[in-house]
>>> print(open('query-v5.cif').read())   # mmCIF, C-alpha atoms and all ligand atoms
data_upload
#
loop_
_atom_site.label_atom_id
_atom_site.label_comp_id
_atom_site.auth_asym_id
_atom_site.auth_seq_id
_atom_site.Cartn_x
_atom_site.Cartn_y
_atom_site.Cartn_z
CA MET D 1 25.40 105.23 147.16
CA ALA D 2 27.58 106.94 149.75
CA THR D 3 28.50 104.96 152.81
CA ILE D 4 29.92 106.85 155.76
CA ARG D 5 31.41 105.64 158.99
CA LEU D 6 30.30 107.17 162.30
CA PRO D 7 30.95 106.31 165.94
CA GLY D 8 28.43 104.03 167.66
CA LEU D 9 25.67 106.19 169.12
CA ILE D 10 24.80 106.52 172.80
CA ASP D 11 21.12 106.59 173.72
CA ALA D 12 21.11 108.06 177.21
CA HIS D 13 17.44 107.36 177.89
CA VAL D 14 15.88 103.95 177.29
CA HIS D 15 13.49 101.69 179.18
CA LEU D 16 14.58 98.08 178.71
CA ARG D 17 11.63 97.04 180.95
CA GLU D 18 13.35 94.16 182.72
CA PRO D 19 12.48 93.02 185.33
CA GLY D 20 8.72 93.18 185.46
CA TYR D 21 7.50 94.15 182.03
CA THR D 22 9.20 91.69 179.69
CA HIS D 23 6.06 91.35 177.57
CA LYS D 24 6.86 94.90 176.39
CA GLU D 25 10.65 94.51 176.04
CA ASP D 26 13.55 92.82 177.76
CA ILE D 27 17.26 93.51 177.95
CA HIS D 28 17.99 91.28 174.97
CA SER D 29 15.23 92.55 172.67
CA GLY D 30 15.83 96.17 173.66
CA THR D 31 19.58 96.03 173.10
CA CYS D 32 19.03 94.21 169.75
CA ALA D 33 16.76 97.11 168.77
CA ALA D 34 19.52 99.49 169.88
CA LEU D 35 22.11 97.84 167.61
CA ALA D 36 19.62 97.94 164.73
CA GLY D 37 19.42 101.69 165.38
CA GLY D 38 23.19 102.20 165.36
CA VAL D 39 23.27 102.57 169.15
CA THR D 40 26.12 100.77 170.91
CA THR D 41 25.53 102.13 174.44
CA VAL D 42 22.21 102.60 176.23
CA LEU D 43 21.43 104.03 179.65
CA ASP D 44 18.53 102.14 181.19
CA MET D 45 15.88 103.75 183.37
CA PRO D 46 14.90 102.46 186.84
CA ASN D 47 11.08 102.39 186.57
CA THR D 48 10.96 98.62 186.26
CA GLU D 49 9.00 96.31 188.56
CA PRO D 50 10.49 96.16 191.10
CA PRO D 51 12.18 99.53 190.55
CA THR D 52 15.98 99.79 190.57
CA SER D 53 16.13 101.65 193.85
CA THR D 54 18.37 99.61 196.16
CA PRO D 55 21.82 98.00 195.86
CA ARG D 56 20.23 94.56 195.67
CA ARG D 57 17.90 95.56 192.84
CA LEU D 58 20.76 97.15 190.97
CA ARG D 59 22.83 94.02 191.44
CA GLU D 60 19.99 91.86 190.08
CA LYS D 61 19.72 94.09 187.04
CA VAL D 62 23.48 93.98 186.50
CA ASP D 63 23.30 90.16 186.48
CA LEU D 64 20.43 90.19 183.96
CA ALA D 65 22.24 92.67 181.72
CA ARG D 66 25.49 90.70 181.90
CA ALA D 67 23.63 87.64 180.68
CA LYS D 68 21.43 89.23 178.03
CA SER D 69 22.69 92.52 176.61
CA VAL D 70 24.20 92.78 173.13
CA CYS D 71 25.33 96.42 173.49
CA ASP D 72 26.89 98.24 176.43
CA VAL D 73 24.49 99.24 179.18
CA GLY D 74 24.65 101.77 182.00
CA LEU D 75 21.99 101.61 184.69
CA PHE D 76 20.25 104.41 186.56
CA VAL D 77 19.18 104.06 190.16
CA GLY D 78 15.83 105.61 190.97
CA ALA D 79 14.53 107.42 194.01
CA THR D 80 11.40 106.01 195.62
CA VAL D 81 9.43 107.42 198.54
CA ALA D 82 9.73 104.09 200.37
CA ASP D 83 13.47 103.56 199.84
CA LEU D 84 14.52 107.19 199.88
CA ASP D 85 18.22 106.87 200.81
CA ALA D 86 18.60 103.28 199.67
CA TYR D 87 20.04 104.34 196.33
CA LEU D 88 23.11 105.83 198.02
CA PRO D 89 25.32 102.73 198.49
CA ALA D 90 24.68 101.84 194.83
CA ALA D 91 25.28 105.32 193.47
CA THR D 92 28.82 104.74 192.20
CA ARG D 93 27.67 101.68 190.23
CA ALA D 94 24.93 103.63 188.48
CA CYS D 95 25.26 106.19 185.70
CA GLY D 96 23.20 108.67 187.71
CA LEU D 97 20.19 109.10 189.98
CA LYS D 98 16.82 109.41 188.26
CA ILE D 99 14.05 111.32 189.99
CA TYR D 100 10.53 111.38 188.58
CA VAL D 101 9.04 114.64 189.74
CA ASN D 102 6.01 114.49 187.43
CA GLU D 103 3.39 111.87 186.65
CA THR D 104 4.38 109.10 184.25
CA PHE D 105 4.44 105.28 183.87
CA GLY D 106 5.47 103.22 186.92
CA SER D 107 5.49 103.70 190.67
CA LEU D 108 8.47 106.06 191.04
CA ARG D 109 7.47 109.60 191.95
CA ILE D 110 8.85 112.20 194.35
CA GLU D 111 6.49 115.11 194.60
CA GLU D 112 7.31 116.69 197.95
CA LEU D 113 9.83 119.47 198.24
CA GLY D 114 11.14 118.05 201.55
CA LEU D 115 11.97 114.72 199.92
CA LEU D 116 13.62 116.44 196.97
CA HIS D 117 15.80 118.43 199.39
CA ARG D 118 16.89 115.22 201.03
CA LEU D 119 17.82 113.56 197.75
CA PHE D 120 19.87 116.49 196.48
CA ARG D 121 21.52 116.90 199.90
CA THR D 122 22.50 113.24 200.28
CA TRP D 123 23.76 113.11 196.70
CA ALA D 124 25.86 116.25 197.27
CA ALA D 125 27.30 114.87 200.51
CA ARG D 126 28.28 111.57 198.85
CA ALA D 127 29.86 113.37 195.89
CA MET D 128 31.84 115.50 198.35
CA GLU D 129 33.10 112.37 200.13
CA LEU D 130 34.27 110.91 196.83
CA ASP D 131 35.55 113.95 194.97
CA GLY D 132 36.25 116.51 197.68
CA TRP D 133 35.31 120.12 197.20
CA ARG D 134 34.30 121.14 193.67
CA PRO D 135 33.84 124.66 192.42
CA ALA D 136 30.19 125.55 191.80
CA ALA D 137 28.97 124.58 188.33
CA SER D 138 31.78 122.11 187.67
CA PRO D 139 29.89 119.40 185.84
CA ALA D 140 31.44 115.98 186.37
CA THR D 141 31.41 114.04 189.62
CA SER D 142 32.04 110.39 190.40
CA LEU D 143 28.31 109.86 190.76
CA GLY D 144 27.07 111.26 187.46
CA PRO D 145 24.27 113.84 187.41
CA ILE D 146 20.85 113.79 188.98
CA ALA D 147 18.56 113.27 185.98
CA VAL D 148 15.05 114.58 186.47
CA HIS D 149 11.76 114.08 184.73
CA ALA D 150 10.61 117.61 185.52
CA GLU D 151 8.00 119.45 183.53
CA ASP D 152 6.75 123.01 183.63
CA LEU D 153 6.93 124.51 187.16
CA MET D 154 9.08 121.62 188.36
CA VAL D 155 11.90 122.79 186.08
CA PRO D 156 12.70 125.88 188.18
CA VAL D 157 12.29 123.84 191.39
CA CYS D 158 14.95 121.37 190.26
CA LEU D 159 17.21 124.11 188.91
CA SER D 160 17.21 125.86 192.24
CA LEU D 161 17.88 122.66 194.23
CA SER D 162 20.77 121.87 191.91
CA GLN D 163 22.22 125.32 192.43
CA LEU D 164 21.68 125.36 196.20
CA TYR D 165 23.33 121.98 196.72
CA ASN D 166 25.91 122.32 193.92
CA VAL D 167 24.72 119.13 192.20
CA PRO D 168 24.93 118.74 188.40
CA LEU D 169 21.42 118.43 186.99
CA HIS D 170 20.33 116.80 183.74
CA ILE D 171 16.77 117.55 182.63
CA VAL D 172 15.43 114.74 180.47
CA HIS D 173 13.06 115.13 177.51
CA VAL D 174 12.53 118.90 177.46
CA SER D 175 9.48 119.65 175.34
CA ARG D 176 8.26 123.23 175.80
CA ARG D 177 9.36 126.74 174.92
CA SER D 178 9.03 127.92 178.54
CA GLU D 179 11.34 125.09 179.68
CA ILE D 180 14.08 125.40 177.08
CA GLU D 181 14.16 129.19 177.47
CA LEU D 182 14.54 128.83 181.23
CA ILE D 183 17.36 126.33 180.79
CA ARG D 184 19.06 128.76 178.40
CA ALA D 185 18.85 131.47 181.08
CA ALA D 186 20.16 129.08 183.76
CA LYS D 187 23.11 128.06 181.58
CA GLY D 188 23.78 131.75 180.93
CA ARG D 189 24.11 132.22 184.71
CA GLY D 190 26.63 129.38 184.86
CA LEU D 191 24.43 126.71 186.47
CA ALA D 192 25.58 123.10 186.10
CA VAL D 193 22.57 122.06 184.05
CA THR D 194 22.33 119.99 180.89
CA CYS D 195 19.27 118.77 179.03
CA GLU D 196 18.04 116.41 176.37
CA ALA D 197 15.32 116.32 173.71
CA THR D 198 13.71 113.28 172.10
CA PRO D 199 13.12 112.73 168.39
CA HIS D 200 9.35 112.57 169.04
CA HIS D 201 9.34 116.03 170.61
CA LEU D 202 11.54 117.35 167.80
CA PHE D 203 9.63 115.81 164.89
CA LEU D 204 6.01 115.48 166.12
CA SER D 205 3.55 117.92 167.67
CA GLU D 206 0.18 117.58 169.42
CA GLU D 207 -1.36 117.54 165.94
CA ALA D 208 -0.12 113.93 165.64
CA TYR D 209 -1.95 113.01 168.85
CA LYS D 210 -5.13 114.71 167.69
CA GLY D 211 -5.02 112.74 164.45
CA GLY D 212 -3.65 109.40 165.67
CA GLY D 213 -4.64 108.98 169.31
CA ASN D 214 -2.76 107.01 171.93
CA ARG D 215 0.02 105.82 169.64
CA PHE D 216 1.21 109.37 170.14
CA ASP D 217 0.66 109.57 173.89
CA MET D 218 3.71 109.92 176.10
CA ARG D 219 5.02 112.06 178.97
CA PRO D 220 5.78 114.83 178.43
CA LYS D 221 2.87 114.94 175.99
CA LEU D 222 3.51 116.10 172.45
CA ALA D 223 3.53 119.87 172.55
CA ALA D 224 2.21 122.74 170.43
CA PRO D 225 3.92 123.53 167.10
CA ASP D 226 5.40 126.66 168.73
CA ASP D 227 7.06 124.51 171.41
CA VAL D 228 8.54 122.25 168.71
CA ALA D 229 9.83 125.36 166.93
CA ALA D 230 11.40 126.52 170.21
CA LEU D 231 13.42 123.30 170.52
CA TRP D 232 14.86 123.86 167.04
CA GLU D 233 15.52 127.56 167.72
CA ASN D 234 17.39 126.62 170.91
CA LEU D 235 19.29 123.66 169.56
CA ASP D 236 22.51 125.03 171.04
CA VAL D 237 20.96 124.60 174.52
CA ILE D 238 20.11 120.91 173.93
CA ASP D 239 23.08 118.80 175.03
CA ILE D 240 21.76 115.35 174.17
CA PHE D 241 19.36 113.71 171.73
CA ALA D 242 17.95 110.65 173.51
CA THR D 243 14.91 108.61 172.64
CA ASP D 244 13.05 107.85 175.88
CA HIS D 245 12.49 104.46 174.22
CA ALA D 246 9.42 103.46 176.26
CA PRO D 247 7.75 100.41 174.71
CA HIS D 248 4.19 99.42 175.56
CA THR D 249 2.07 97.03 173.51
CA LEU D 250 -0.53 98.50 171.17
CA SER D 251 -3.22 96.76 173.18
CA GLU D 252 -1.99 98.46 176.38
CA LYS D 253 -2.30 101.71 174.49
CA GLY D 254 -5.85 100.84 173.44
CA MET D 255 -4.68 100.77 169.82
CA ALA D 256 -4.74 97.07 168.99
CA GLU D 257 -7.01 95.84 166.18
CA GLU D 258 -9.15 94.19 168.79
CA PRO D 259 -9.19 96.83 171.48
CA ALA D 260 -8.85 95.38 174.95
CA ALA D 261 -9.78 98.55 176.70
CA SER D 262 -12.64 100.94 176.30
CA SER D 263 -11.55 104.27 174.89
CA GLU D 264 -12.32 105.79 178.30
CA GLN D 265 -9.72 103.69 180.04
CA ALA D 266 -6.38 105.30 180.82
CA THR D 267 -3.68 103.88 178.59
CA MET D 268 0.04 103.70 179.06
CA PRO D 269 2.13 106.70 178.03
CA GLY D 270 5.33 106.09 176.08
CA VAL D 271 6.61 105.24 172.62
CA PRO D 272 9.51 103.14 171.33
CA GLY D 273 12.34 105.02 169.60
CA VAL D 274 15.82 103.53 169.89
CA GLU D 275 15.71 102.12 166.33
CA THR D 276 14.44 105.21 164.60
CA MET D 277 16.55 108.06 166.04
CA LEU D 278 19.46 107.71 163.59
CA PRO D 279 17.46 107.76 160.32
CA LEU D 280 15.24 110.59 161.60
CA LEU D 281 18.25 112.72 162.54
CA LEU D 282 20.11 111.89 159.32
CA THR D 283 17.02 112.97 157.40
CA ALA D 284 17.13 116.29 159.28
CA VAL D 285 20.82 116.59 158.30
CA ASP D 286 19.87 115.92 154.68
CA ALA D 287 17.18 118.60 154.90
CA GLY D 288 19.71 121.13 156.22
CA ARG D 289 18.07 121.41 159.66
CA LEU D 290 21.14 119.98 161.42
CA GLU D 291 24.83 119.47 160.73
CA LEU D 292 26.24 115.97 161.04
CA ASP D 293 28.53 117.37 163.76
CA ASP D 294 25.45 118.54 165.71
CA LEU D 295 24.19 114.96 165.65
CA LEU D 296 27.51 113.47 166.78
CA LEU D 297 27.93 116.04 169.54
CA ARG D 298 24.50 115.17 170.96
CA CYS D 299 24.46 111.42 170.36
CA VAL D 300 28.07 110.60 171.23
CA GLU D 301 30.34 113.26 172.72
CA ASN D 302 28.00 115.03 175.13
CA PRO D 303 26.34 111.94 176.62
CA ARG D 304 29.82 110.42 177.08
CA ARG D 305 31.03 113.53 178.90
CA ILE D 306 27.88 114.13 180.98
CA TYR D 307 27.67 110.53 182.21
CA ALA D 308 31.45 109.86 182.17
CA LEU D 309 31.03 106.85 179.86
CA PRO D 310 34.11 104.94 178.67
CA LYS D 311 35.19 105.06 175.04
CA GLN D 312 34.43 101.98 172.98
CA PRO D 313 37.55 101.02 171.05
CA GLN D 314 37.24 99.64 167.49
CA THR D 315 33.58 100.54 167.44
CA TRP D 316 31.75 102.21 164.56
CA ILE D 317 28.64 102.14 162.41
CA GLU D 318 28.34 102.31 158.61
CA VAL D 319 25.43 104.16 157.04
CA ASP D 320 24.34 104.54 153.43
CA VAL D 321 23.29 108.17 153.66
CA ASP D 322 21.58 108.15 150.25
CA ALA D 323 19.27 105.17 150.84
CA VAL D 324 15.65 106.30 151.10
CA HIS D 325 13.23 104.05 152.95
CA THR D 326 9.97 104.15 154.84
CA LEU D 327 9.75 103.40 158.55
CA SER D 328 7.14 100.81 159.44
CA ASP D 329 5.83 98.74 162.31
CA GLU D 330 7.09 95.60 160.54
CA MET D 331 10.72 96.73 160.52
CA THR D 332 10.93 97.16 164.29
CA ARG D 333 12.86 94.76 166.47
CA ALA D 334 11.51 96.17 169.71
CA ARG D 335 9.21 93.57 171.24
CA CYS D 336 6.19 95.88 171.17
CA GLY D 337 6.35 95.78 167.35
CA TRP D 338 5.34 99.30 166.36
CA THR D 339 6.73 102.80 165.93
CA PRO D 340 5.07 106.21 166.12
CA PHE D 341 7.01 107.07 162.96
CA ALA D 342 5.38 104.40 160.77
CA GLY D 343 4.96 105.84 157.27
CA ALA D 344 7.75 108.43 157.60
CA GLN D 345 10.11 108.50 154.64
CA VAL D 346 13.71 108.76 155.82
CA LYS D 347 17.10 109.00 154.21
CA GLY D 348 19.96 106.98 155.65
CA ARG D 349 20.11 103.22 156.14
CA LEU D 350 22.28 101.45 158.67
CA GLU D 351 24.43 98.83 156.96
CA LYS D 352 26.74 97.63 159.68
CA VAL D 353 27.59 97.97 163.37
CA VAL D 354 31.01 96.96 164.67
CA LEU D 355 31.47 96.75 168.44
CA ARG D 356 35.00 96.16 169.77
CA GLY D 357 36.09 94.79 166.42
CA GLU D 358 33.16 92.36 165.98
CA THR D 359 30.39 92.88 163.42
CA VAL D 360 27.32 92.81 165.66
CA PHE D 361 24.73 93.95 163.07
CA ASP D 362 25.02 93.39 159.32
CA GLY D 363 22.15 95.58 158.14
CA GLU D 364 19.67 92.71 158.43
CA GLN D 365 20.45 90.69 161.50
CA VAL D 366 21.89 91.10 164.96
CA LEU D 367 24.90 88.78 165.13
CA ALA D 368 26.04 89.42 168.70
CA ALA D 369 25.56 86.75 171.35
CA PRO D 370 23.46 87.58 174.42
CA GLY D 371 25.82 88.76 177.14
CA SER D 372 28.41 90.22 174.76
CA GLY D 373 27.48 93.75 175.85
CA ARG D 374 29.22 95.22 178.87
CA VAL D 375 27.58 96.61 181.96
CA LEU D 376 29.23 99.94 182.79
CA PHE D 377 30.41 101.23 186.17
CA GLN D 378 30.93 97.73 187.67
CA ASP D 379 34.73 97.87 187.94
CA GLY D 380 35.90 95.52 190.63
CA VAL D 381 32.38 94.14 191.18
CA GLN D 382 32.03 90.46 190.31
O1 LIG J 401 5.92 108.52 178.14
C1 LIG J 401 6.71 108.10 178.97
N1 LIG J 401 6.82 106.78 179.22
N2 LIG J 401 7.44 108.97 179.66
C2 LIG J 401 8.21 108.59 180.69
O2 LIG J 401 8.83 109.43 181.30
C3 LIG J 401 8.25 107.17 181.12
C4 LIG J 401 7.87 106.30 180.02
C5 LIG J 401 7.63 104.86 180.38
O3 LIG J 401 8.40 104.31 181.17
O4 LIG J 401 6.72 104.27 179.83
ZN ZN J 402 11.80 107.80 180.20
#
>>> encode(input="query-v5.cif", output="structure tokens", more="lines below")
Ligand code: DOR
Ligand code: ZN
Amino acid sequence: MATIRLPGLIDAHVHLREPGYTHKEDIHSGTCAALAGGVTTVLDMPNTEPPTSTPRRLREKVDLARAKSVCDVGLFVGATVADLDAYLPAATRACGLKIYVNETFGSLRIEELGLLHRLFRTWAARAMELDGWRPAASPATSLGPIAVHAEDLMVPVCLSLSQLYNVPLHIVHVSRRSEIELIRAAKGRGLAVTCEATPHHLFLSEEAYKGGGNRFDMRPKLAAPDDVAALWENLDVIDIFATDHAPHTLSEKGMAEEPAASSEQATMPGVPGVETMLPLLLTAVDAGRLELDDLLLRCVENPRRIYALPKQPQTWIEVDVDAVHTLSDEMTRARCGWTPFAGAQVKGRLEKVVLRGETVFDGEQVLAAPGSGRVLFQDGVQ
């Protein structure tokens, strides 16, 4: 048995589902799942109900997170067609602005070029007010990046808006060869673009969907084996590994034992993941597909730099890197109670999580009290 100590991980893409969808997850259950995955900071997405798109909604979410979270939480604000500029006064209290440019779960979607212009322009103007003039392609601003769910042709659209308005862009869950190769070219030209890949796009392909159905349905959809190979070939272009932890119940996915929906009915895209990222990545390290430093760069250092997250003092995780175990639905703490990786044999078991000097997970149980996590970017806000 070899136990190693690593920093607490950052998962820069989770859906804690509160408010609005607490039958799938809430801030307490989702942050407990995070700790059980070795994650001590999560960045929460705005496609809740109501969406986190105005200062008041952000404030309400901050209050919920202050009462319920067991790990540290940063919150995105989201752009909606109805509240287009309403995110602006809340921008400094969010980790970034999220724009959904493609179809996915929830009501947030910006599909018109004119609206996208306006969002990039207002963001750039606000960043200029706060930070003054910045040279093109300098990454950090006081507002964080604009994070986009952009697939396929929307990738070059967002890249060009980011360049035209001099706004740092983060492209979430990249899944295809055409996308990652374009991002490589953009980085080569010095554009201020970063990107992330999920464990499901790195370890699963469309073959899983063909064999297993809607348990393996998410946006972006699982891609062809050649696209998966392209992510691994271009690992140096991927700045962040993040899970897109997107819980839905099995019955909402039409996969419960007693199906609620007919197989014709559209089901909800998304899969949970915050608990399974660490063992999956450690297994890739064991198999020689990754170095441990590659993992730490993408799960700690880069997300901290890209989103300007504070360091967590006296915080670490302990992992028995030799322990072999099998992932299962039963082991999950996420409220939805399943994982797309059920049956996968992994190497590396989390034994302990220490957050600010307190043992918050002992390998079996979450010991932290609700509300012991911090909500980031709220300095001076009561
Ligand atoms: O599959 C997905 N589900 N992709 C997303 O981008 C959103 C997510 C969700 O919120 O369920
Ligand atoms: Zn997402």
>>> residues_near_ligand(input="query-v5.cif", ligand="ligand LIG 401 (chain J)", cutoff="6 Å", atoms="all atoms listed in the file", output="ChimeraX atom specification")
/D:104-105,218-219,246,269-270
>>> closest_residue(input="query-v5.cif", among="D:Thr194, D:Thr48, D:Ser107, D:Thr40", to="D:Asn302", atoms="all atoms listed in the file")
D:Thr194
>>> atom_distance(input="query-v5.cif", atom1="atom CA of D:Leu191", atom2="atom CA of D:Leu164")
10.2 Å
>>> closest_residue(input="query-v5.cif", among="D:Ile240, D:Ala344, D:Ala147, D:Ala229", to="D:Pro279", atoms="all atoms listed in the file")
D:Ala344
>>> atom_distance(input="query-v5.cif", atom1="atom CA of D:Ala323", atom2="atom CA of D:Leu290")
18.3 Å
>>> residues_near_ligand(input="query-v5.cif", ligand="ligand ZN 402 (chain J)", cutoff="8 Å", atoms="all atoms listed in the file", output="number ranges by chain")
D: 13-15, 45, 149, 172-173, 244-246, 270
>>> write_last_selection(input="query-v5.cif", atoms="C-alpha atoms", output="CSV table (one decimal), in the frame of the given file")
chain,number,residue,atom,x,y,z
D,13,HIS,CA,17.4,107.4,177.9
D,14,VAL,CA,15.9,104.0,177.3
D,15,HIS,CA,13.5,101.7,179.2
D,45,MET,CA,15.9,103.8,183.4
D,149,HIS,CA,11.8,114.1,184.7
D,172,VAL,CA,15.4,114.7,180.5
D,173,HIS,CA,13.1,115.1,177.5
D,244,ASP,CA,13.0,107.8,175.9
D,245,HIS,CA,12.5,104.5,174.2
D,246,ALA,CA,9.4,103.5,176.3
D,270,GLY,CA,5.3,106.1,176.1
>>> residues_near_point(input="query-v5.cif", point="(18.1, 105.2, 150.3)", cutoff="12 Å", atoms="all atoms listed in the file", output="list of chain:residue names")
D:Met1, D:Ala2, D:Thr3, D:Pro279, D:Leu282, D:Thr283, D:Asp286, D:Val319, D:Asp320, D:Val321, D:Asp322, D:Ala323, D:Val324, D:His325, D:Thr326, D:Leu327, D:Gln345, D:Val346, D:Lys347, D:Gly348, D:Arg349, D:Leu350, D:Glu351
>>> atom_distance(input="query-v5.cif", atom1="atom CA of D:Leu376", atom2="atom CA of D:Gln312")
11.3 Å
>>> residues_around(input="query-v5.cif", residues="stretch 19-36 of chain D", least_positions_apart="5", cutoff="7 Å", atoms="only C-alpha atoms", output="PyMOL selection string")
chain D and resi 48-50+65+68-71+247-249+274-275+333-336+353+361+366+370
>>> residues_near_point(input="query-v5.cif", point="(-0.8, 97.2, 171.6)", cutoff="12 Å", atoms="all atoms listed in the file", output="PyMOL selection string")
chain D and resi 23-24+214-215+247-261+267-272+329+335-339
>>> residues_around(input="query-v5.cif", residues="D:Leu113", least_positions_apart="2", cutoff="10 Å", atoms="all atoms listed in the file", output="ChimeraX atom specification")
/D:101,110-111,115-119,157-158,161
>>> residues_around(input="query-v5.cif", residues="stretch 61-64 of chain D", least_positions_apart="2", cutoff="10 Å", atoms="all atoms listed in the file", output="list of chain:residue names")
D:Glu18, D:Pro19, D:Asp26, D:Ile27, D:His28, D:Pro46, D:Thr48, D:Pro51, D:Thr52, D:Pro55, D:Arg56, D:Arg57, D:Leu58, D:Arg59, D:Arg66, D:Ala67, D:Lys68, D:Ser69, D:Val73, D:Gly74, D:Leu75, D:Arg93, D:Ala94, D:Gly371, D:Arg374, D:Val375, D:Leu376, D:Gln378, D:Gln382
>>> axis_aligned_box(input="query-v5.cif", around="stretch 44-56 of chain D", padding_each_side="6 Å", output="AutoDock Vina command-line options")
--center_x 15.4 --center_y 99.2 --center_z 188.7 --size_x 24.8 --size_y 21.2 --size_z 27.0
>>> residues_around(input="query-v5.cif", residues="stretch 225-228 of chain D", least_positions_apart="6", cutoff="10 Å", atoms="only C-alpha atoms", output="PDB file with C-alpha atoms, in the coordinates of the input")
ATOM      1  CA  VAL D 174      12.530 118.900 177.460  1.00  0.00           C
ATOM      2  CA  SER D 175       9.480 119.650 175.340  1.00  0.00           C
ATOM      3  CA  ARG D 176       8.260 123.230 175.800  1.00  0.00           C
ATOM      4  CA  ARG D 177       9.360 126.740 174.920  1.00  0.00           C
ATOM      5  CA  SER D 178       9.030 127.920 178.540  1.00  0.00           C
ATOM      6  CA  GLU D 179      11.340 125.090 179.680  1.00  0.00           C
ATOM      7  CA  ILE D 180      14.080 125.400 177.080  1.00  0.00           C
ATOM      8  CA  HIS D 200       9.350 112.570 169.040  1.00  0.00           C
ATOM      9  CA  HIS D 201       9.340 116.030 170.610  1.00  0.00           C
ATOM     10  CA  LEU D 202      11.540 117.350 167.800  1.00  0.00           C
ATOM     11  CA  PHE D 203       9.630 115.810 164.890  1.00  0.00           C
ATOM     12  CA  LEU D 204       6.010 115.480 166.120  1.00  0.00           C
ATOM     13  CA  SER D 205       3.550 117.920 167.670  1.00  0.00           C
ATOM     14  CA  GLU D 206       0.180 117.580 169.420  1.00  0.00           C
ATOM     15  CA  GLU D 207      -1.360 117.540 165.940  1.00  0.00           C
TER      16      GLU D 207
END
>>> residues_around(input="query-v5.cif", residues="D:Arg121", least_positions_apart="4", cutoff="12 Å", atoms="all atoms listed in the file", output="PDB file with C-alpha atoms, keeping the file's coordinate frame")
ATOM      1  CA  LEU D  84      14.520 107.190 199.880  1.00  0.00           C
ATOM      2  CA  ASP D  85      18.220 106.870 200.810  1.00  0.00           C
ATOM      3  CA  LEU D  88      23.110 105.830 198.020  1.00  0.00           C
ATOM      4  CA  GLY D 114      11.140 118.050 201.550  1.00  0.00           C
ATOM      5  CA  LEU D 115      11.970 114.720 199.920  1.00  0.00           C
ATOM      6  CA  LEU D 116      13.620 116.440 196.970  1.00  0.00           C
ATOM      7  CA  HIS D 117      15.800 118.430 199.390  1.00  0.00           C
ATOM      8  CA  ALA D 125      27.300 114.870 200.510  1.00  0.00           C
ATOM      9  CA  ARG D 126      28.280 111.570 198.850  1.00  0.00           C
ATOM     10  CA  ALA D 127      29.860 113.370 195.890  1.00  0.00           C
ATOM     11  CA  MET D 128      31.840 115.500 198.350  1.00  0.00           C
ATOM     12  CA  ILE D 146      20.850 113.790 188.980  1.00  0.00           C
ATOM     13  CA  LEU D 161      17.880 122.660 194.230  1.00  0.00           C
ATOM     14  CA  SER D 162      20.770 121.870 191.910  1.00  0.00           C
ATOM     15  CA  GLN D 163      22.220 125.320 192.430  1.00  0.00           C
ATOM     16  CA  LEU D 164      21.680 125.360 196.200  1.00  0.00           C
ATOM     17  CA  TYR D 165      23.330 121.980 196.720  1.00  0.00           C
ATOM     18  CA  ASN D 166      25.910 122.320 193.920  1.00  0.00           C
ATOM     19  CA  VAL D 167      24.720 119.130 192.200  1.00  0.00           C
TER      20      VAL D 167
END
